[in-house]
$ cat target-v8.json   # JSON, C-alpha atoms and all ligand atoms
[["chain", "number", "residue", "atom", "x", "y", "z"],
["A", 128, "MET", "CA", 85.88, 91.88, 44.93],
["A", 129, "LYS", "CA", 89.00, 90.21, 46.33],
["A", 130, "LEU", "CA", 90.40, 93.72, 46.80],
["A", 131, "TYR", "CA", 87.93, 94.45, 49.59],
["A", 132, "LYS", "CA", 88.26, 91.04, 51.23],
["A", 133, "GLU", "CA", 91.34, 88.81, 51.15],
["A", 134, "LEU", "CA", 93.47, 91.50, 49.45],
["A", 135, "ALA", "CA", 92.30, 94.43, 51.62],
["A", 136, "GLU", "CA", 95.68, 94.58, 53.40],
["A", 137, "TRP", "CA", 97.20, 95.64, 50.06],
["A", 138, "TRP", "CA", 94.88, 98.63, 49.57],
["A", 139, "PRO", "CA", 97.32, 101.24, 51.02],
["A", 140, "LEU", "CA", 99.93, 100.09, 48.46],
["A", 141, "MET", "CA", 97.47, 100.18, 45.58],
["A", 142, "SER", "CA", 95.86, 103.48, 46.51],
["A", 143, "PRO", "CA", 97.86, 105.40, 49.14],
["A", 144, "HIS", "CA", 96.01, 108.18, 50.98],
["A", 145, "THR", "CA", 98.56, 110.79, 49.86],
["A", 146, "GLU", "CA", 97.15, 110.47, 46.32],
["A", 147, "TYR", "CA", 93.80, 111.83, 47.59],
["A", 148, "GLU", "CA", 94.86, 115.19, 49.05],
["A", 149, "GLU", "CA", 94.07, 117.25, 45.94],
["A", 150, "GLU", "CA", 90.65, 115.72, 45.30],
["A", 151, "ALA", "CA", 89.65, 115.87, 48.98],
["A", 152, "ALA", "CA", 90.37, 119.63, 48.92],
["A", 153, "LEU", "CA", 88.09, 120.01, 45.87],
["A", 154, "TYR", "CA", 85.30, 118.03, 47.56],
["A", 155, "LEU", "CA", 85.69, 120.19, 50.66],
["A", 156, "GLU", "CA", 85.32, 123.35, 48.58],
["A", 157, "LEU", "CA", 82.14, 121.97, 46.97],
["A", 158, "ILE", "CA", 80.73, 120.86, 50.34],
["A", 159, "ARG", "CA", 81.34, 124.34, 51.76],
["A", 160, "ARG", "CA", 79.62, 125.93, 48.76],
["A", 161, "TYR", "CA", 76.40, 124.01, 49.46],
["A", 162, "HIS", "CA", 76.66, 123.88, 53.26],
["A", 163, "ALA", "CA", 79.10, 126.30, 54.88],
["A", 164, "ASP", "CA", 78.65, 124.83, 58.32],
["A", 165, "VAL", "CA", 79.14, 121.05, 58.12],
["A", 166, "LYS", "CA", 80.17, 119.77, 61.55],
["A", 167, "ALA", "CA", 79.30, 116.07, 61.37],
["A", 168, "ALA", "CA", 79.49, 113.80, 58.32],
["A", 169, "VAL", "CA", 79.01, 110.12, 57.62],
["A", 170, "GLU", "CA", 80.63, 108.29, 54.73],
["A", 171, "PHE", "CA", 78.87, 105.30, 53.15],
["A", 172, "GLY", "CA", 81.43, 102.90, 51.62],
["A", 173, "SER", "CA", 84.43, 104.57, 53.25],
["A", 174, "GLY", "CA", 86.87, 101.84, 52.16],
["A", 175, "GLY", "CA", 90.45, 102.53, 53.28],
["A", 176, "GLY", "CA", 89.38, 106.00, 54.52],
["A", 177, "ASN", "CA", 91.59, 107.98, 52.16],
["A", 178, "ASN", "CA", 89.34, 111.01, 51.59],
["A", 179, "ALA", "CA", 88.25, 110.83, 55.22],
["A", 180, "PHE", "CA", 91.89, 111.27, 56.28],
["A", 181, "TYR", "CA", 91.70, 114.83, 54.88],
["A", 182, "LEU", "CA", 88.01, 115.65, 55.45],
["A", 183, "LYS", "CA", 88.15, 114.70, 59.14],
["A", 184, "GLN", "CA", 90.54, 117.61, 59.64],
["A", 185, "ARG", "CA", 87.54, 119.94, 59.00],
["A", 186, "PHE", "CA", 84.60, 118.07, 60.56],
["A", 187, "SER", "CA", 83.87, 114.80, 62.32],
["A", 188, "MET", "CA", 83.56, 111.74, 60.08],
["A", 189, "THR", "CA", 81.73, 108.50, 60.92],
["A", 190, "LEU", "CA", 83.04, 105.83, 58.56],
["A", 191, "THR", "CA", 80.88, 102.93, 57.39],
["A", 192, "ASP", "CA", 81.58, 100.07, 54.99],
["A", 193, "LEU", "CA", 80.24, 96.64, 54.07],
["A", 194, "SER", "CA", 83.70, 95.10, 54.39],
["A", 195, "ALA", "CA", 85.12, 94.40, 57.86],
["A", 196, "ASP", "CA", 88.55, 94.00, 56.22],
["A", 197, "MET", "CA", 88.45, 97.49, 54.67],
["A", 198, "LEU", "CA", 87.25, 98.97, 57.98],
["A", 199, "LYS", "CA", 90.36, 97.48, 59.65],
["A", 200, "VAL", "CA", 92.55, 99.21, 57.04],
["A", 201, "SER", "CA", 90.77, 102.54, 57.64],
["A", 202, "GLU", "CA", 90.95, 102.17, 61.42],
["A", 203, "ARG", "CA", 94.74, 102.20, 61.16],
["A", 204, "LEU", "CA", 94.70, 105.43, 59.10],
["A", 205, "ASN", "CA", 91.84, 107.07, 60.98],
["A", 206, "PRO", "CA", 91.96, 105.79, 64.58],
["A", 207, "ASP", "CA", 90.19, 108.98, 65.67],
["A", 208, "CYS", "CA", 87.02, 108.19, 63.64],
["A", 209, "GLU", "CA", 84.13, 105.93, 64.60],
["A", 210, "HIS", "CA", 83.90, 102.92, 62.26],
["A", 211, "VAL", "CA", 80.69, 100.96, 61.70],
["A", 212, "GLN", "CA", 80.14, 97.91, 59.49],
["A", 213, "GLY", "CA", 77.00, 97.94, 57.36],
["A", 214, "ASP", "CA", 75.43, 97.89, 53.92],
["A", 215, "MET", "CA", 74.65, 101.46, 52.84],
["A", 216, "LYS", "CA", 71.21, 100.32, 51.59],
["A", 217, "LYS", "CA", 70.00, 99.52, 55.08],
["A", 218, "LEU", "CA", 72.56, 100.66, 57.64],
["A", 219, "ASP", "CA", 70.86, 102.48, 60.54],
["A", 220, "LEU", "CA", 73.13, 104.60, 62.70],
["A", 221, "GLY", "CA", 70.21, 106.07, 64.65],
["A", 222, "ALA", "CA", 71.66, 109.56, 64.11],
["A", 223, "THR", "CA", 71.48, 112.38, 61.57],
["A", 224, "PHE", "CA", 74.36, 114.30, 59.99],
["A", 225, "ASP", "CA", 75.07, 117.50, 58.02],
["A", 226, "LEU", "CA", 76.59, 115.49, 55.18],
["A", 227, "VAL", "CA", 76.34, 111.98, 53.72],
["A", 228, "PHE", "CA", 79.43, 111.42, 51.57],
["A", 229, "ILE", "CA", 79.63, 108.54, 49.05],
["A", 230, "HIS", "CA", 82.86, 108.39, 47.07],
["A", 231, "ASP", "CA", 83.86, 105.67, 44.63],
["A", 232, "ALA", "CA", 81.42, 103.17, 46.16],
["A", 233, "ILE", "CA", 78.00, 103.92, 44.65],
["A", 234, "MET", "CA", 78.96, 102.27, 41.35],
["A", 235, "TYR", "CA", 78.65, 98.82, 42.91],
["A", 236, "PHE", "CA", 74.88, 99.18, 42.51],
["A", 237, "THR", "CA", 73.69, 98.25, 39.04],
["A", 238, "THR", "CA", 69.92, 98.73, 39.34],
["A", 239, "LYS", "CA", 67.77, 101.82, 39.87],
["A", 240, "ALA", "CA", 65.92, 100.05, 42.70],
["A", 241, "GLU", "CA", 69.16, 99.59, 44.67],
["A", 242, "LEU", "CA", 70.22, 103.18, 44.04],
["A", 243, "LEU", "CA", 66.86, 104.39, 45.31],
["A", 244, "GLU", "CA", 67.29, 102.33, 48.50],
["A", 245, "VAL", "CA", 70.67, 103.99, 49.11],
["A", 246, "MET", "CA", 69.28, 107.49, 48.43],
["A", 247, "VAL", "CA", 66.34, 106.92, 50.80],
["A", 248, "ASN", "CA", 68.75, 105.67, 53.47],
["A", 249, "ALA", "CA", 71.02, 108.67, 52.93],
["A", 250, "LYS", "CA", 68.01, 110.95, 53.43],
["A", 251, "LYS", "CA", 67.21, 109.15, 56.69],
["A", 252, "HIS", "CA", 70.72, 110.01, 57.94],
["A", 253, "LEU", "CA", 70.48, 113.73, 57.13],
["A", 254, "ASN", "CA", 69.28, 116.52, 59.36],
["A", 255, "GLU", "CA", 67.04, 119.20, 57.89],
["A", 256, "ARG", "CA", 69.77, 121.23, 56.12],
["A", 257, "GLY", "CA", 71.98, 118.24, 55.40],
["A", 258, "ILE", "CA", 73.37, 117.49, 51.94],
["A", 259, "LEU", "CA", 74.29, 114.31, 50.08],
["A", 260, "MET", "CA", 77.45, 114.24, 47.98],
["A", 261, "ILE", "CA", 78.12, 111.41, 45.55],
["A", 262, "MET", "CA", 81.17, 110.77, 43.41],
["A", 263, "THR", "CA", 80.58, 108.17, 40.74],
["A", 264, "ASP", "CA", 83.14, 107.45, 38.04],
["A", 265, "HIS", "CA", 80.94, 107.62, 34.97],
["A", 266, "PHE", "CA", 77.59, 108.71, 33.56],
["A", 267, "LYS", "CA", 76.00, 107.33, 30.38],
["A", 268, "GLU", "CA", 76.74, 110.69, 28.75],
["A", 269, "THR", "CA", 80.43, 110.78, 29.67],
["A", 270, "PHE", "CA", 81.48, 107.10, 29.64],
["A", 271, "LYS", "CA", 84.65, 106.18, 27.75],
["A", 272, "PRO", "CA", 86.59, 102.91, 28.09],
["A", 273, "VAL", "CA", 89.53, 103.69, 30.35],
["A", 274, "THR", "CA", 92.67, 102.06, 31.71],
["A", 275, "ASP", "CA", 94.53, 102.98, 34.88],
["A", 276, "HIS", "CA", 97.64, 101.74, 36.62],
["A", 277, "GLY", "CA", 99.67, 102.47, 39.72],
["A", 278, "GLY", "CA", 100.81, 101.11, 43.04],
["A", 279, "ILE", "CA", 103.78, 101.72, 45.34],
["A", 280, "ASP", "CA", 106.38, 99.99, 47.50],
["A", 281, "ALA", "CA", 106.34, 100.04, 51.29],
["A", 282, "GLY", "CA", 109.48, 98.49, 52.74],
["A", 283, "LYS", "CA", 109.88, 95.03, 51.22],
["A", 284, "ARG", "CA", 106.24, 94.82, 50.17],
["A", 285, "GLY", "CA", 105.07, 96.26, 46.87],
["A", 286, "MET", "CA", 102.06, 96.26, 44.60],
["A", 287, "ARG", "CA", 101.39, 97.27, 41.02],
["A", 288, "TYR", "CA", 98.04, 97.12, 39.28],
["A", 289, "LEU", "CA", 96.47, 97.57, 35.88],
["A", 290, "GLU", "CA", 92.74, 98.08, 35.49],
["A", 291, "TRP", "CA", 90.62, 98.25, 32.36],
["A", 292, "THR", "CA", 87.03, 99.45, 32.33],
["A", 293, "TYR", "CA", 84.84, 98.76, 29.31],
["A", 294, "ASP", "CA", 81.18, 98.50, 28.42],
["A", 295, "SER", "CA", 80.34, 95.19, 26.74],
["A", 296, "ASN", "CA", 76.68, 96.15, 26.21],
["A", 297, "PRO", "CA", 75.91, 99.88, 25.79],
["A", 298, "ASP", "CA", 72.17, 99.09, 26.03],
["A", 299, "ASP", "CA", 72.29, 98.05, 29.69],
["A", 300, "HIS", "CA", 73.23, 99.81, 32.94],
["A", 301, "VAL", "CA", 76.42, 97.86, 33.60],
["A", 302, "THR", "CA", 80.12, 98.32, 32.82],
["A", 303, "GLU", "CA", 82.87, 95.82, 33.54],
["A", 304, "THR", "CA", 86.31, 96.35, 35.06],
["A", 305, "GLU", "CA", 89.11, 93.78, 34.98],
["A", 306, "TYR", "CA", 92.05, 94.13, 37.37],
["A", 307, "ALA", "CA", 95.53, 92.55, 37.28],
["A", 308, "TYR", "CA", 97.58, 92.87, 40.47],
["A", 309, "ILE", "CA", 101.25, 92.01, 40.92],
["A", 310, "LEU", "CA", 102.22, 91.77, 44.56],
["A", 311, "ARG", "CA", 105.53, 91.30, 46.41],
["A", 312, "ASP", "CA", 105.29, 90.17, 50.02],
["A", 313, "GLU", "CA", 107.71, 90.84, 52.91],
["A", 314, "ASN", "CA", 109.76, 87.74, 51.96],
["A", 315, "GLY", "CA", 110.28, 89.07, 48.44],
["A", 316, "THR", "CA", 107.90, 86.52, 46.88],
["A", 317, "VAL", "CA", 106.11, 87.95, 43.87],
["A", 318, "PHE", "CA", 102.65, 86.68, 42.94],
["A", 319, "ARG", "CA", 99.71, 87.81, 40.86],
["A", 320, "GLU", "CA", 95.97, 88.05, 41.32],
["A", 321, "TYR", "CA", 93.05, 88.91, 39.06],
["A", 322, "ASP", "CA", 89.87, 90.66, 40.05],
["A", 323, "ARG", "CA", 86.67, 91.83, 38.36],
["A", 324, "ALA", "CA", 83.83, 94.19, 39.16],
["A", 325, "GLU", "CA", 80.56, 95.21, 37.56],
["A", 326, "SER", "CA", 79.54, 98.83, 37.94],
["A", 327, "GLY", "CA", 76.28, 100.70, 37.42],
["A", 328, "LEU", "CA", 76.09, 103.21, 34.58],
["A", 329, "PHE", "CA", 73.18, 105.68, 34.62],
["A", 330, "SER", "CA", 72.44, 108.89, 32.74],
["A", 331, "MET", "CA", 72.20, 112.26, 34.45],
["A", 332, "PRO", "CA", 68.40, 112.38, 33.93],
["A", 333, "GLU", "CA", 68.16, 108.90, 35.51],
["A", 334, "TRP", "CA", 70.15, 110.14, 38.52],
["A", 335, "GLU", "CA", 67.88, 113.21, 38.75],
["A", 336, "GLU", "CA", 64.81, 110.99, 38.68],
["A", 337, "ILE", "CA", 66.06, 108.60, 41.38],
["A", 338, "LEU", "CA", 67.22, 111.44, 43.62],
["A", 339, "ALA", "CA", 63.92, 113.30, 43.15],
["A", 340, "GLU", "CA", 62.02, 110.19, 44.16],
["A", 341, "ALA", "CA", 64.06, 110.07, 47.39],
["A", 342, "GLY", "CA", 63.42, 113.79, 48.06],
["A", 343, "PHE", "CA", 66.54, 115.42, 46.61],
["A", 344, "GLN", "CA", 67.41, 117.99, 43.95],
["A", 345, "ALA", "CA", 70.50, 116.85, 42.00],
["A", 346, "ASN", "CA", 73.26, 119.31, 41.05],
["A", 347, "PHE", "CA", 76.06, 118.10, 38.78],
["A", 348, "GLU", "CA", 79.34, 119.84, 39.55],
["A", 349, "ARG", "CA", 82.36, 119.51, 37.31],
["A", 350, "VAL", "CA", 85.48, 118.35, 39.14],
["A", 351, "GLU", "CA", 88.99, 118.55, 37.67],
["A", 352, "TYR", "CA", 92.22, 117.47, 39.29],
["A", 353, "THR", "CA", 95.69, 116.36, 38.20],
["A", 354, "GLY", "CA", 95.81, 113.06, 36.37],
["A", 355, "LEU", "CA", 92.04, 112.78, 36.01],
["A", 356, "GLU", "CA", 90.83, 112.21, 32.47],
["A", 357, "GLY", "CA", 87.54, 114.07, 32.50],
["A", 358, "PRO", "CA", 84.89, 115.13, 32.19],
["A", 359, "TYR", "CA", 84.18, 114.14, 35.80],
["A", 360, "PHE", "CA", 81.17, 115.29, 37.83],
["A", 361, "ALA", "CA", 80.23, 115.17, 41.49],
["A", 362, "ILE", "CA", 76.56, 115.06, 42.39],
["A", 363, "VAL", "CA", 75.62, 117.40, 45.21],
["A", 364, "ALA", "CA", 72.05, 116.65, 46.27],
["A", 365, "THR", "CA", 70.07, 119.08, 48.39],
["A", 366, "GLN", "CA", 66.81, 118.07, 50.06],
["A", 367, "THR", "CA", 63.52, 119.10, 48.52],
["A", 368, "ALA", "CA", 60.94, 117.00, 50.28],
["A", 369, "ASP", "CA", 60.47, 114.06, 52.56],
["A", 370, "VAL", "CA", 60.05, 110.71, 50.85],
["A", 371, "ASP", "CA", 56.29, 110.97, 51.49],
["A", 372, "GLY", "CA", 56.28, 114.29, 49.59],
["A", 373, "THR", "CA", 56.15, 116.66, 52.57],
["A", 374, "LYS", "CA", 58.15, 119.84, 51.90],
["A", 375, "ASN", "CA", 60.95, 120.63, 54.36],
["B", 401, "LIG", "C1", 87.03, 102.34, 46.51],
["B", 401, "LIG", "S1", 86.46, 102.02, 48.10],
["B", 401, "LIG", "C2", 85.98, 103.62, 48.70],
["B", 401, "LIG", "C3", 87.14, 104.57, 48.85],
["B", 401, "LIG", "C4", 86.89, 105.68, 49.86],
["B", 401, "LIG", "N1", 85.81, 106.53, 49.46],
["B", 401, "LIG", "C5", 88.13, 106.49, 50.14],
["B", 401, "LIG", "O1", 88.08, 107.73, 50.05],
["B", 401, "LIG", "O2", 89.15, 105.85, 50.47],
["B", 401, "LIG", "C6", 84.88, 101.26, 47.83],
["B", 401, "LIG", "C7", 84.26, 100.66, 49.09],
["B", 401, "LIG", "O3", 82.86, 100.48, 48.89],
["B", 401, "LIG", "C8", 82.48, 99.42, 49.75],
["B", 401, "LIG", "N2", 81.14, 98.93, 49.43],
["B", 401, "LIG", "C9", 80.74, 98.23, 48.34],
["B", 401, "LIG", "N3", 79.43, 97.95, 48.43],
["B", 401, "LIG", "C10", 78.97, 98.48, 49.60],
["B", 401, "LIG", "C11", 77.71, 98.51, 50.27],
["B", 401, "LIG", "N4", 76.65, 97.92, 49.73],
["B", 401, "LIG", "N5", 77.62, 99.16, 51.44],
["B", 401, "LIG", "C12", 78.71, 99.74, 52.01],
["B", 401, "LIG", "N6", 79.93, 99.74, 51.43],
["B", 401, "LIG", "C13", 80.07, 99.11, 50.25],
["B", 401, "LIG", "C14", 83.58, 98.39, 49.54],
["B", 401, "LIG", "O4", 83.62, 97.44, 50.59],
["B", 401, "LIG", "C15", 84.81, 99.29, 49.47],
["B", 401, "LIG", "O5", 85.47, 99.36, 50.71]]
$ encode --input "target-v8.json" --output "structure tokens" --more "lines below"
Ligand SMILES: C[S@@+](CC[C@H](N)C(=O)[O-])C[C@H]1O[C@@H](n2cnc3c(N)ncnc32)[C@H](O)[C@@H]1O
Amino acid sequence: MKLYKELAEWWPLMSPHTEYEEEAALYLELIRRYHADVKAAVEFGSGGGNNAFYLKQRFSMTLTDLSADMLKVSERLNPDCEHVQGDMKKLDLGATFDLVFIHDAIMYFTTKAELLEVMVNAKKHLNERGILMIMTDHFKETFKPVTDHGGIDAGKRGMRYLEWTYDSNPDDHVTETEYAYILRDENGTVFREYDRAESGLFSMPEWEEILAEAGFQANFERVEYTGLEGPYFAIVATQTADVDGTKN
């Protein structure tokens, strides 16, 4: 997506970190419920680092993303966190953590095989009691076409966006999102951009199956916060077995 490359500089105007405080507090509560003692976490697909801005106040966060441009944005917001570029399917930090956190990034995978690769890699980055937490926008069971809009001004610059998510073929595992951005630069010049993304759409039993194959037990936890048109579920995955089937 252009948003994570040439338009990355605009991310804080499209999605300012202050809009994430309420949801980050809910995620923290869920994390604590499954693992009261998280000290070190890694985020896969950390983007602009908006949830990390709040979570890092409770435990250390290592932030990883495919996009060097998004990492630069996050480095400005979270200069106290380590940032590493890498694809969450094969990134190897050579370390294990109490928590692998994946928020609003897992949907870029549209096949079960890719999801399994990510889950196996998440497992590799967890210590024995570690948990995996995934926030994905939709499940097959809950999907509804949705529109969203927003954006803010920052000095002379400003951004507004409209996004529309729909499912052109309910028989496959893919939904489509179209984005329209209107941007005003520091000289007052207004211009527009369009963007598009395909997202994976899987059922809860499919998630359970993929996670089980990677050695996790999936728990679906309802999440509700202001402005969110639910139902919305987080997946908290606890470890059951090593990938080769050995029990922990
Ligand atoms: C919406 S942002 C994540 C927002 C972030 N969770 C937060 O709290 O601010 C989605 C990010 O996923 C990243 N991403 C997409 N595919 C990826 C992959 N294969 N590996 C790592 N990151 C990826 C994108 O570059 C983008 O920065």
$ residues_around --input "target-v8.json" --residues "A:Val273" --least-positions-apart "2" --cutoff "7 Å" --atoms "all atoms listed in the file" --output "PyMOL selection string"
chain A and resi 271+275+291-293
$ closest_residue --input "target-v8.json" --among "A:Gly327, A:Pro297, A:Gly342, A:Gly221" --to "ligand LIG 401 (chain B)" --atoms "only C-alpha atoms and all ligand atoms"
A:Gly327
$ atom_distance --input "target-v8.json" --atom1 "atom CA of A:Gly174" --atom2 "atom CA of A:Ile258"
20.7 Å
$ residues_around --input "target-v8.json" --residues "A:Ser326" --least-positions-apart "2" --cutoff "12 Å" --atoms "all atoms listed in the file" --output "mmCIF file with C-alpha atoms, in the frame of the given file"
data_model
loop_
_atom_site.group_PDB
_atom_site.id
_atom_site.type_symbol
_atom_site.label_atom_id
_atom_site.label_comp_id
_atom_site.auth_asym_id
_atom_site.auth_seq_id
_atom_site.Cartn_x
_atom_site.Cartn_y
_atom_site.Cartn_z
ATOM 1 C CA MET A 128 85.880 91.880 44.930
ATOM 2 C CA ASP A 231 83.860 105.670 44.630
ATOM 3 C CA ALA A 232 81.420 103.170 46.160
ATOM 4 C CA ILE A 233 78.000 103.920 44.650
ATOM 5 C CA MET A 234 78.960 102.270 41.350
ATOM 6 C CA TYR A 235 78.650 98.820 42.910
ATOM 7 C CA PHE A 236 74.880 99.180 42.510
ATOM 8 C CA THR A 237 73.690 98.250 39.040
ATOM 9 C CA THR A 238 69.920 98.730 39.340
ATOM 10 C CA LEU A 242 70.220 103.180 44.040
ATOM 11 C CA THR A 263 80.580 108.170 40.740
ATOM 12 C CA ASP A 264 83.140 107.450 38.040
ATOM 13 C CA HIS A 265 80.940 107.620 34.970
ATOM 14 C CA PHE A 266 77.590 108.710 33.560
ATOM 15 C CA LYS A 267 76.000 107.330 30.380
ATOM 16 C CA PHE A 270 81.480 107.100 29.640
ATOM 17 C CA THR A 292 87.030 99.450 32.330
ATOM 18 C CA TYR A 293 84.840 98.760 29.310
ATOM 19 C CA ASP A 294 81.180 98.500 28.420
ATOM 20 C CA SER A 295 80.340 95.190 26.740
ATOM 21 C CA ASP A 299 72.290 98.050 29.690
ATOM 22 C CA HIS A 300 73.230 99.810 32.940
ATOM 23 C CA VAL A 301 76.420 97.860 33.600
ATOM 24 C CA THR A 302 80.120 98.320 32.820
ATOM 25 C CA GLU A 303 82.870 95.820 33.540
ATOM 26 C CA THR A 304 86.310 96.350 35.060
ATOM 27 C CA GLU A 305 89.110 93.780 34.980
ATOM 28 C CA ARG A 323 86.670 91.830 38.360
ATOM 29 C CA ALA A 324 83.830 94.190 39.160
ATOM 30 C CA LEU A 328 76.090 103.210 34.580
ATOM 31 C CA PHE A 329 73.180 105.680 34.620
#
$ closest_atom_pairs --input "target-v8.json" --of "chain A" --to "ligand LIG 401 (chain B)" --cutoff "6 Å" --atoms "only C-alpha atoms and all ligand atoms" --output "CSV"
residue,atom,partner,partner_atom,distance
A:Tyr131,CA,B:LIG401,O4,5.3
A:Phe171,CA,B:LIG401,C12,5.7
A:Gly172,CA,B:LIG401,N6,3.5
A:Ser173,CA,B:LIG401,C4,4.3
A:Gly174,CA,B:LIG401,O5,3.2
A:Gly175,CA,B:LIG401,O2,4.5
A:Gly176,CA,B:LIG401,O2,4.1
A:Asn177,CA,B:LIG401,O2,3.7
A:Asn178,CA,B:LIG401,O1,3.8
A:Asp192,CA,B:LIG401,N6,3.9
A:Leu193,CA,B:LIG401,C12,4.0
A:Ser194,CA,B:LIG401,O4,4.5
A:Met197,CA,B:LIG401,O5,5.3
A:Gly213,CA,B:LIG401,C12,5.9
A:Asp214,CA,B:LIG401,N5,3.5
A:Met215,CA,B:LIG401,N5,4.0
A:His230,CA,B:LIG401,N1,4.2
A:Asp231,CA,B:LIG401,C1,5.0
A:Ala232,CA,B:LIG401,O3,4.1
A:Tyr235,CA,B:LIG401,N3,5.6
$ decode --input "target-v8.json" --residues "stretch 325-344 of chain A" --atoms "N, CA and C atoms" --output "short mmCIF file (atom, residue, chain, number, x, y, z; two decimals), in the first residue's frame"
data_model
loop_
_atom_site.label_atom_id
_atom_site.label_comp_id
_atom_site.auth_asym_id
_atom_site.auth_seq_id
_atom_site.Cartn_x
_atom_site.Cartn_y
_atom_site.Cartn_z
N GLU A 325 -5.91 -5.77 -0.18
CA GLU A 325 -6.67 -7.01 -0.05
C GLU A 325 -6.37 -7.57 1.33
N SER A 326 -7.40 -8.10 1.98
CA SER A 326 -7.20 -8.62 3.34
C SER A 326 -7.73 -10.03 3.43
N GLY A 327 -7.10 -10.83 4.28
CA GLY A 327 -7.54 -12.21 4.50
C GLY A 327 -8.79 -12.25 5.37
N LEU A 328 -9.67 -13.17 5.06
CA LEU A 328 -10.90 -13.35 5.86
C LEU A 328 -11.08 -14.83 6.15
N PHE A 329 -10.92 -15.21 7.42
CA PHE A 329 -10.98 -16.62 7.82
C PHE A 329 -12.00 -16.79 8.93
N SER A 330 -12.55 -18.00 9.02
CA SER A 330 -13.54 -18.26 10.08
C SER A 330 -12.81 -18.57 11.39
N MET A 331 -13.55 -18.51 12.47
CA MET A 331 -12.94 -18.83 13.77
C MET A 331 -12.44 -20.28 13.80
N PRO A 332 -13.18 -21.27 13.29
CA PRO A 332 -12.62 -22.63 13.24
C PRO A 332 -11.35 -22.71 12.39
N GLU A 333 -11.27 -21.92 11.31
CA GLU A 333 -10.03 -21.93 10.50
C GLU A 333 -8.86 -21.37 11.31
N TRP A 334 -9.12 -20.30 12.06
CA TRP A 334 -8.07 -19.74 12.92
C TRP A 334 -7.63 -20.78 13.95
N GLU A 335 -8.62 -21.45 14.56
CA GLU A 335 -8.30 -22.47 15.58
C GLU A 335 -7.40 -23.55 15.00
N GLU A 336 -7.76 -23.96 13.78
CA GLU A 336 -7.01 -25.04 13.11
C GLU A 336 -5.55 -24.61 12.82
N ILE A 337 -5.39 -23.41 12.29
CA ILE A 337 -4.05 -22.92 11.95
C ILE A 337 -3.21 -22.75 13.22
N LEU A 338 -3.84 -22.18 14.24
CA LEU A 338 -3.10 -21.97 15.50
C LEU A 338 -2.74 -23.30 16.14
N ALA A 339 -3.66 -24.27 16.08
CA ALA A 339 -3.38 -25.59 16.67
C ALA A 339 -2.20 -26.24 15.96
N GLU A 340 -2.17 -26.07 14.64
CA GLU A 340 -1.07 -26.67 13.87
C GLU A 340 0.28 -26.07 14.27
N ALA A 341 0.26 -24.80 14.69
CA ALA A 341 1.50 -24.13 15.11
C ALA A 341 1.79 -24.35 16.60
N GLY A 342 0.87 -25.05 17.31
CA GLY A 342 1.12 -25.33 18.73
C GLY A 342 0.47 -24.35 19.68
N PHE A 343 -0.68 -23.83 19.28
CA PHE A 343 -1.40 -22.87 20.14
C PHE A 343 -2.87 -23.30 20.35
N GLN A 344 -3.40 -22.86 21.48
CA GLN A 344 -4.85 -22.96 21.74
C GLN A 344 -5.42 -21.55 21.55
#
